[in-house]
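Asker: Have a look at this one before I ask anything.
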Amino acid sequence: GSAMHAQVGDALVIKGHQVGESRRTGEIVEVRGDDGGPPYLVRWDDSGRTTLLFPGSDCEIHHPTANGDS
(Lines give C-alpha, C1' and ligand atoms only; values in the text may rest on other atoms or scores of the structure.)
Protein backbone atom coordinates (compact mmCIF):
# COMPACT_ATOMS: atom_id res chain seq x y z
CA GLY A 1 0.00 0.00 0.00
CA SER A 2 1.03 3.59 -0.47
CA ALA A 3 2.25 5.48 2.53
CA MET A 4 0.16 8.37 3.74
CA HIS A 5 1.61 11.83 3.59
CA ALA A 6 -0.12 14.87 4.97
CA GLN A 7 0.64 18.39 5.95
CA VAL A 8 -0.96 20.87 8.31
CA GLY A 9 -4.10 22.30 6.74
CA ASP A 10 -4.97 19.17 4.78
CA ALA A 11 -8.48 17.78 5.13
CA LEU A 12 -8.95 14.24 6.42
CA VAL A 13 -12.08 12.29 5.48
CA ILE A 14 -13.18 9.02 7.06
CA LYS A 15 -15.64 7.17 4.88
CA GLY A 16 -18.39 5.34 6.77
CA HIS A 17 -17.81 1.63 7.25
CA GLN A 18 -21.47 0.66 7.13
CA VAL A 19 -24.40 1.84 5.08
CA GLY A 20 -25.95 4.91 6.64
CA GLU A 21 -22.82 5.80 8.56
CA SER A 22 -21.90 9.38 7.86
CA ARG A 23 -18.51 10.49 6.72
CA ARG A 24 -16.42 12.45 9.17
CA THR A 25 -14.23 15.29 8.08
CA GLY A 26 -11.59 17.21 9.93
CA GLU A 27 -8.54 19.37 9.47
CA ILE A 28 -5.02 18.19 10.19
CA VAL A 29 -3.58 20.64 12.69
CA GLU A 30 -0.38 18.78 13.50
CA VAL A 31 1.69 16.01 11.90
CA ARG A 32 3.48 13.90 14.50
CA GLY A 33 5.14 11.31 12.28
CA ASP A 34 8.24 11.50 10.16
CA ASP A 35 8.08 12.85 6.61
CA GLY A 36 4.38 13.68 6.76
CA GLY A 37 3.43 10.33 8.23
CA PRO A 38 0.91 9.56 10.97
CA PRO A 39 -0.18 9.98 13.63
CA TYR A 40 -2.03 13.17 12.86
CA LEU A 41 -3.72 15.58 15.23
CA VAL A 42 -7.12 16.19 13.66
CA ARG A 43 -9.71 18.81 14.57
CA TRP A 44 -13.09 17.37 13.64
CA ASP A 45 -15.58 19.58 11.85
CA ASP A 46 -18.65 18.12 13.55
CA SER A 47 -17.50 18.27 17.16
CA GLY A 48 -14.69 20.80 17.12
CA ARG A 49 -12.69 18.35 19.21
CA THR A 50 -9.10 17.44 18.47
CA THR A 51 -7.95 13.82 18.51
CA LEU A 52 -4.75 11.99 17.65
CA LEU A 53 -5.43 9.61 14.79
CA PHE A 54 -3.65 6.82 12.96
CA PRO A 55 -5.61 6.78 9.69
CA GLY A 56 -6.86 3.45 8.41
CA SER A 57 -7.70 2.22 4.95
CA ASP A 58 -11.03 4.08 5.12
CA CYS A 59 -9.28 7.45 5.39
CA GLU A 60 -8.56 9.89 2.61
CA ILE A 61 -6.37 12.97 2.76
CA HIS A 62 -7.30 15.90 0.57
CA HIS A 63 -4.74 18.58 -0.14
CA PRO A 64 -6.36 21.95 -0.65
CA THR A 65 -5.70 23.28 -4.12
CA ALA A 66 -3.53 26.36 -4.12
CA ASN A 67 -4.55 27.78 -7.47
CA GLY A 68 -7.02 30.64 -7.52
CA ASP A 69 -8.81 29.74 -10.72
CA SER A 70 -12.30 29.41 -9.26
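Scheme for the C-alpha coordinates: letters A, B, ... for chains in order shown; per-chain residue numbers from 1; ligand numbers from 1 in order shown.
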Leaving out A:Ala3 and any residue of its chain fewer than 5 positions from it, which residues lie within 12 Å of it when counting only C-alpha atoms, given as a ChimeraX atom specification?

Answerer: /A:33-38,55-57,60-61

Asker: Which one is closest to A:Arg32: A:Val8, A:Asp58, A:Thr65, A:Ser47? Count only C-alpha atoms.

Answerer: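 The answer is A:Val8, which sits nearest to A:Arg32.
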
Asker: To one decimal in Å, tell me the separation between atom CA of A:Gln18 and atom CA of A:Glu30.

Answerer: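 Atom CA of A:Glu30 lies at a distance of 28.5 Å from atom CA of A:Gln18.
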
Asker: Ranking A:Leu52, A:Ser22, A:Arg43, A:Ile28 by minimum distance to A:Asp10 and counting only C-alpha atoms, which one comes first?

Answerer: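 Checking each candidate against A:Asp10, we get A:Ile28 as the closest.
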
Asker: If I take atom CA of A:Leu41 and atom CA of A:His17, how far is one from the other in Å, to one decimal?

Answerer: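 So the two atoms, atom CA of A:Leu41 and atom CA of A:His17, lie 21.4 Å apart.
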
Asker: Excluding same-chain residues fewer than 6 positions from A:Ile14, what lies within 6 Å of it counting only C-alpha atoms, as a PyMOL selection string?

Answerer: chain A and resi 23-24+58-59

Asker: Go ahead and write the selection's residues with N, CA and C atoms as a PDB file, in the first residue's frame.

Answerer:
ATOM      1  N   ARG A  23     -19.938  10.207   6.801  1.00  0.00           N
ATOM      2  CA  ARG A  23     -18.510  10.490   6.715  1.00  0.00           C
ATOM      3  C   ARG A  23     -18.157  11.510   7.789  1.00  0.00           C
ATOM      4  N   ARG A  24     -16.920  11.432   8.246  1.00  0.00           N
ATOM      5  CA  ARG A  24     -16.419  12.449   9.173  1.00  0.00           C
ATOM      6  C   ARG A  24     -15.289  13.185   8.490  1.00  0.00           C
ATOM      7  N   ASP A  58      -9.801   3.360   5.467  1.00  0.00           N
ATOM      8  CA  ASP A  58     -11.028   4.079   5.116  1.00  0.00           C
ATOM      9  C   ASP A  58     -10.827   5.588   5.154  1.00  0.00           C
ATOM     10  N   CYS A  59      -9.574   6.018   5.304  1.00  0.00           N
ATOM     11  CA  CYS A  59      -9.282   7.449   5.388  1.00  0.00           C
ATOM     12  C   CYS A  59      -8.755   7.973   4.063  1.00  0.00           C
TER      13      CYS A  59
END

Asker: Residues at most 7 Å from A:Trp44, counting only C-alpha atoms, excluding those fewer than 5 positions away in the same chain, as JSON, numbers by chain?

Answerer: {"A": [25, 26, 27, 49, 50]}

Asker: Write down as a list in words the residues of chain A whose backbone DSSP state falls under strand (DSSP E or B).

Answerer: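 Of chain A, the ones in strand (DSSP E or B) are Ala11, Leu12, Val13, Ile14, Arg24, Thr25, Gly26, Glu27, Ile28, Val29, Glu30, Val31, Tyr40, Leu41, Val42, Arg43, Trp44, Thr50, Thr51, Leu52, Leu53, Cys59, Glu60, Ile61 and His62 of chain A.
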
Asker: Quote the spacing between atom CA of A:Ala66 and atom CA of A:Asp45 in Å to one decimal place.

Answerer: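 So the answer is 21.1 Å.
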